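J.: Sharing a structure with you now.
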Amino acid sequence: MIVLAIESSCDETAAAVVRDGRFVLSSVVSSQIDIHAAYGGVVPEIASRAHLQSIAPVVTQALQEAGLGMAALEGVAVTRGPGLSGALLVGFSAAKAIAVALTIPFVGVHHIEGHLFAPFLEQPVAFPFLALVVSGGHTHLYHVEGFGHYTTLGRTIDDAAGEAYDKCAKIMGMPYPGGALIDRMARNGNPGALRLPRPMLRDGSLNFSFSGLKTAVLQQTLKTAVTLPSQAADDLCASFQEAVCHVLAAKTEAAIRQTGATRLVVAGGVACNSGLRRRMISLCQHLGVELSIPHPSLCGDNAAMLAVPGDYYLSHGHRSPLSLDVTATWDMDRIKESLS
């Protein structure tokens with residue numbers, strides 16, 4: 001099956017053509033980082049307008065790079081949610097229009113479900129597996145038994161890890177988005193220089209909280225008048241990253257021991273982080289667990305990842321009705337309610 005996938009949940013307009021849910025024929029991502037940098041974060045209305053300008057060129061480019069015409073498409077997979085409603089509507093409306101024009105089925109896919117299966121584009125992972133999804137809006141632990149069968153084991157109760165990275169970068173005076181810059185600066189710093197808090201580390205749950213850590217970084221910045229560039233800034237970045245990775249690894253280890261999982265997927269934008277990748281490699285080697293982390297190009301928001309569950313649903317006769325709407329919030333355990 002040749003599937004066109006479309007992603008527009010936040011500030012990337014993306015389209016990809018994927019064969020059989022495995023083979024990426026093209027993957028195009030148009031980023032809005034430069035547009036939102038002046039505001040220090042994503043402005044929903046501006047994001048929606050940028051998607052409107054980009055969606056047709058991005059889809060056209062994806063088809064051209066795949067060497068295919070519209071007539072070759074057999075299905076469309078598109079992000080239904082969660083995300084910014086206005087941004088989601090752009091991609092969702094485009095997907096519906098293409099499906100109607102070509103008389104082919106379309107399916108609305110959960111954004112995080114796409115991240116869960118991004119590693120499948122490189123090497124399929126056997127079910128069941130444990131998944132840690134870490135991004136700007138999500139920090140979740142899932143037990144994955146198959147497509148559409150997910151159990152949420154833990155989630156953030158306030159700031160997600162990626163959000164904490166960007167907010168702490170802003171506190172330190174870094175340009176948006178600052179998460180990647182913190183990672184680079186951390187390599188030159190001492191991770192033990194500052195003792196920052198590890199929120200909810202010993203509360204007995206698998207939930208996460210990073211708002212307190214963000215506050216600690218603010219207090220440290222004000223107390224020591226950290227400036228860029230400096231060794232003090234590098235040390236603060238390294239200490240912050242150590243705290244985040246410590247919590248993520250500890251909660252993941254607890255989930256592995258609780259479920260008896262032998263396979264772990266780490267996905268989402270923060271899975272690009274070098275400190276987290278090293279920590280997860282070490283953890284899985286220690287526990288004898290098979291680790292799957294997608295290539296950095298598949299960690300951030302992209303459309304190709306949506307084609308993995310999209311292809312599964314479409315090839316098994318599931319499709320979304322044209323009356324279906326986008327949703328800004330969407331629980332993973334309610335995915336199949338949108339399928340017929």
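Following the order of the structure tokens, chains are lettered A, B, ..., residues in each are numbered from 1, and ligands are numbered from 1.
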Extract the full set of strand (DSSP E or B) residues from stretch 148-196 of chain A according to DSSP on the backbone, and format it as a ChimeraX atom specification.
T.: /A:149-156
J.: Would you please extract all helix (DSSP H, G or I) residues from stretch 129-270 of chain A, as assigned by DSSP on the backbone, and give them as JSON, numbers by chain?
T.: {"A": [161, 162, 163, 164, 165, 166, 167, 168, 169, 170, 171, 179, 180, 181, 182, 183, 184, 185, 186, 211, 212, 213, 214, 215, 216, 217, 218, 219, 220, 221, 222, 223, 224, 231, 232, 233, 234, 235, 236, 237, 238, 239, 240, 241, 242, 243, 244, 245, 246, 247, 248, 249, 250, 251, 252, 253, 254, 255, 256, 257, 258, 259, 269, 270]}
J.: Got a sec: who's within 9 Å of A:His138, counting only C-alpha atoms, leaving out chain neighbours fewer than 4 positions off, as a PyMOL selection string?
T.: chain A and resi 112+133-134+155-156+159-163+268
J.: Skip stretch 234-239 of chain A itself and residues of its chain fewer than 2 positions away, then list as a PDB file with C-alpha atoms, in the first residue's frame all residues within 7 Å of it, counting only C-alpha atoms.
T.:
```pdb
ATOM      1  CA  ILE A 182      21.348  23.128  26.402  1.00  0.00           C
ATOM      2  CA  MET A 185      26.480  23.302  26.316  1.00  0.00           C
ATOM      3  CA  ALA A 186      26.040  20.414  28.738  1.00  0.00           C
ATOM      4  CA  ARG A 187      28.851  18.542  26.982  1.00  0.00           C
ATOM      5  CA  ASN A 188      31.307  21.189  28.240  1.00  0.00           C
ATOM      6  CA  GLY A 189      29.880  21.363  31.761  1.00  0.00           C
ATOM      7  CA  ASN A 190      30.154  19.405  35.005  1.00  0.00           C
ATOM      8  CA  PRO A 191      26.913  17.465  35.624  1.00  0.00           C
ATOM      9  CA  GLY A 192      27.743  17.290  39.332  1.00  0.00           C
ATOM     10  CA  ALA A 193      28.432  20.993  39.741  1.00  0.00           C
ATOM     11  CA  LEU A 194      24.954  21.747  41.116  1.00  0.00           C
ATOM     12  CA  LEU A 196      19.258  20.194  41.405  1.00  0.00           C
ATOM     13  CA  SER A 230      30.514  30.988  30.629  1.00  0.00           C
ATOM     14  CA  GLN A 231      31.619  27.886  32.471  1.00  0.00           C
ATOM     15  CA  ALA A 232      28.884  28.551  35.018  1.00  0.00           C
ATOM     16  CA  GLN A 241      20.343  17.713  31.914  1.00  0.00           C
ATOM     17  CA  GLU A 242      21.700  15.247  34.470  1.00  0.00           C
ATOM     18  CA  ALA A 243      18.635  15.788  36.660  1.00  0.00           C
TER      19      ALA A 243
END
```
J.: Find the residue from A:Phe208, A:Cys245, A:Ile6, A:Thr259 that sits nearest to A:Arg279; use only C-alpha atoms when measuring.
T.: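 Among A:Phe208, A:Cys245, A:Ile6, A:Thr259, it is A:Cys245 that comes nearest to A:Arg279.
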J.: Need to verify the contact set: A:Pro57, 12 Å, only C-alpha atoms, exclusion of same-chain residues closer than 2 positions in sequence. Can you return it as a PyMOL selection string?
T.: chain A and resi 13-15+28-30+50-55+59-64+94
J.: Could you take the residues named above and write them with N, CA and C atoms, as a short mmCIF file (atom, residue, chain, number, x, y, z; two decimals), in the first residue's frame?
T.:
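Printed below is again-v2.cif as written:
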```cif
data_model
loop_
_atom_site.label_atom_id
_atom_site.label_comp_id
_atom_site.auth_asym_id
_atom_site.auth_seq_id
_atom_site.Cartn_x
_atom_site.Cartn_y
_atom_site.Cartn_z
N THR A 13 5.05 21.67 9.21
CA THR A 13 4.16 21.16 8.16
C THR A 13 4.92 20.05 7.46
N ALA A 14 4.41 18.83 7.51
CA ALA A 14 5.16 17.70 6.98
C ALA A 14 4.28 16.78 6.15
N ALA A 15 4.90 16.18 5.16
CA ALA A 15 4.23 15.18 4.32
C ALA A 15 5.24 14.11 3.94
N VAL A 28 9.17 15.11 3.79
CA VAL A 28 9.43 16.55 3.69
C VAL A 28 8.89 17.23 4.95
N VAL A 29 9.71 18.07 5.57
CA VAL A 29 9.31 18.81 6.77
C VAL A 29 9.63 20.29 6.56
N SER A 30 8.62 21.13 6.70
CA SER A 30 8.79 22.57 6.63
C SER A 30 8.65 23.13 8.04
N ALA A 50 0.80 29.78 8.81
CA ALA A 50 1.98 29.24 8.14
C ALA A 50 1.70 27.86 7.54
N HIS A 51 0.90 27.05 8.25
CA HIS A 51 0.51 25.74 7.70
C HIS A 51 -0.29 25.91 6.41
N LEU A 52 -1.18 26.89 6.39
CA LEU A 52 -1.99 27.14 5.19
C LEU A 52 -1.11 27.46 3.98
N GLN A 53 -0.04 28.20 4.22
CA GLN A 53 0.86 28.57 3.13
C GLN A 53 1.73 27.39 2.68
N SER A 54 2.02 26.48 3.60
CA SER A 54 3.00 25.42 3.32
C SER A 54 2.40 24.10 2.88
N ILE A 55 1.14 23.82 3.23
CA ILE A 55 0.62 22.47 3.07
C ILE A 55 0.65 21.98 1.62
N VAL A 59 3.12 18.86 0.28
CA VAL A 59 2.54 17.63 -0.29
C VAL A 59 3.05 17.42 -1.71
N THR A 60 3.09 18.48 -2.49
CA THR A 60 3.58 18.38 -3.87
C THR A 60 5.03 17.92 -3.90
N GLN A 61 5.86 18.49 -3.02
CA GLN A 61 7.27 18.11 -2.97
C GLN A 61 7.44 16.65 -2.56
N ALA A 62 6.62 16.19 -1.60
CA ALA A 62 6.71 14.79 -1.16
C ALA A 62 6.39 13.84 -2.31
N LEU A 63 5.39 14.16 -3.10
CA LEU A 63 5.03 13.32 -4.24
C LEU A 63 6.14 13.35 -5.30
N GLN A 64 6.70 14.52 -5.54
CA GLN A 64 7.76 14.64 -6.53
C GLN A 64 8.99 13.85 -6.12
N ALA A 94 -6.80 19.04 4.43
CA ALA A 94 -6.09 18.67 3.20
C ALA A 94 -6.19 17.17 2.96
#
```
J.: At a cut-off of 10 Å, using only C-alpha atoms, what residues contact A:Val3? Leave out same-chain residues fewer than 3 positions from it and give the result as a PyMOL selection string.
T.: chain A and resi 6+16-21+24-25+72-77+105-106+304+306-308+310-311+314
J.: Next, dump the selected residues to file, keeping only C-alpha atoms, as a CSV table (one decimal), in the first residue's frame.
T.:
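Okay, part_31.csv is ready:
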```
chain,number,residue,atom,x,y,z
A,6,ILE,CA,0.4,14.5,6.7
A,16,ALA,CA,5.7,11.8,3.4
A,17,VAL,CA,5.0,8.9,1.0
A,18,VAL,CA,5.5,5.5,2.6
A,19,ARG,CA,5.1,2.0,1.1
A,20,ASP,CA,3.8,-0.8,3.3
A,21,GLY,CA,4.2,1.2,6.5
A,24,VAL,CA,10.0,5.8,3.2
A,25,LEU,CA,9.8,7.0,-0.4
A,72,ALA,CA,-0.6,6.1,-7.2
A,73,LEU,CA,-1.9,6.9,-3.6
A,74,GLU,CA,-4.0,4.2,-2.0
A,75,GLY,CA,-4.7,5.9,1.4
A,76,VAL,CA,-4.0,9.0,3.5
A,77,ALA,CA,-2.9,9.1,7.1
A,105,PRO,CA,-9.7,6.0,2.4
A,106,PHE,CA,-8.2,8.2,5.1
A,304,ALA,CA,6.6,9.4,7.9
A,306,LEU,CA,2.3,8.4,11.0
A,307,ALA,CA,2.3,6.1,8.0
A,308,VAL,CA,3.3,3.1,10.2
A,310,GLY,CA,-1.8,4.5,9.3
A,311,ASP,CA,-0.8,1.7,7.0
A,314,LEU,CA,-6.0,1.1,6.4
```
J.: Pick the closest to A:Glu7 from A:Ser292, A:Thr79, A:Asn207, A:Ser48: which is it, counting only C-alpha atoms?
T.: A:Thr79
J.: Interatomic distance between atom CA of A:Ala233 and atom CA of A:Ser211?
T.: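 Computed distance, atom CA of A:Ala233 to atom CA of A:Ser211, equals 19.8 Å.
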J.: Atom CA of A:Ala267 to atom CA of A:Ala118: how many Å, to one decimal?
T.: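 So the two atoms, atom CA of A:Ala267 and atom CA of A:Ala118, lie 7.4 Å apart.
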J.: Quick one: residues within 7 Å of stretch 214-229 of chain A, only C-alpha atoms, excluding same-chain residues fewer than 4 positions away - as a PyMOL selection string?
T.: chain A and resi 164+168+171-172+196+210+233
J.: Could those residues be written to a file, using N, CA and C atoms, as a CSV table (one decimal), in the first residue's frame?
T.:
```csv
chain,number,residue,atom,x,y,z
A,164,ALA,N,10.3,21.8,29.6
A,164,ALA,CA,11.2,22.2,30.7
A,164,ALA,C,12.6,22.7,30.1
A,168,CYS,N,13.7,26.5,30.5
A,168,CYS,CA,15.0,26.8,31.2
A,168,CYS,C,16.0,27.5,30.3
A,171,ILE,N,15.0,31.0,30.3
A,171,ILE,CA,15.4,31.6,31.6
A,171,ILE,C,16.8,32.1,31.5
A,172,MET,N,17.7,31.3,30.9
A,172,MET,CA,19.1,31.5,30.8
A,172,MET,C,19.4,32.5,29.6
A,196,LEU,N,20.6,19.8,41.7
A,196,LEU,CA,19.3,20.2,41.4
A,196,LEU,C,18.3,19.1,41.8
A,210,PHE,N,8.3,18.2,36.1
A,210,PHE,CA,9.5,19.0,35.9
A,210,PHE,C,9.4,20.5,36.2
A,233,ALA,N,27.5,28.7,33.1
A,233,ALA,CA,26.3,28.4,32.2
A,233,ALA,C,26.4,26.9,31.7
```
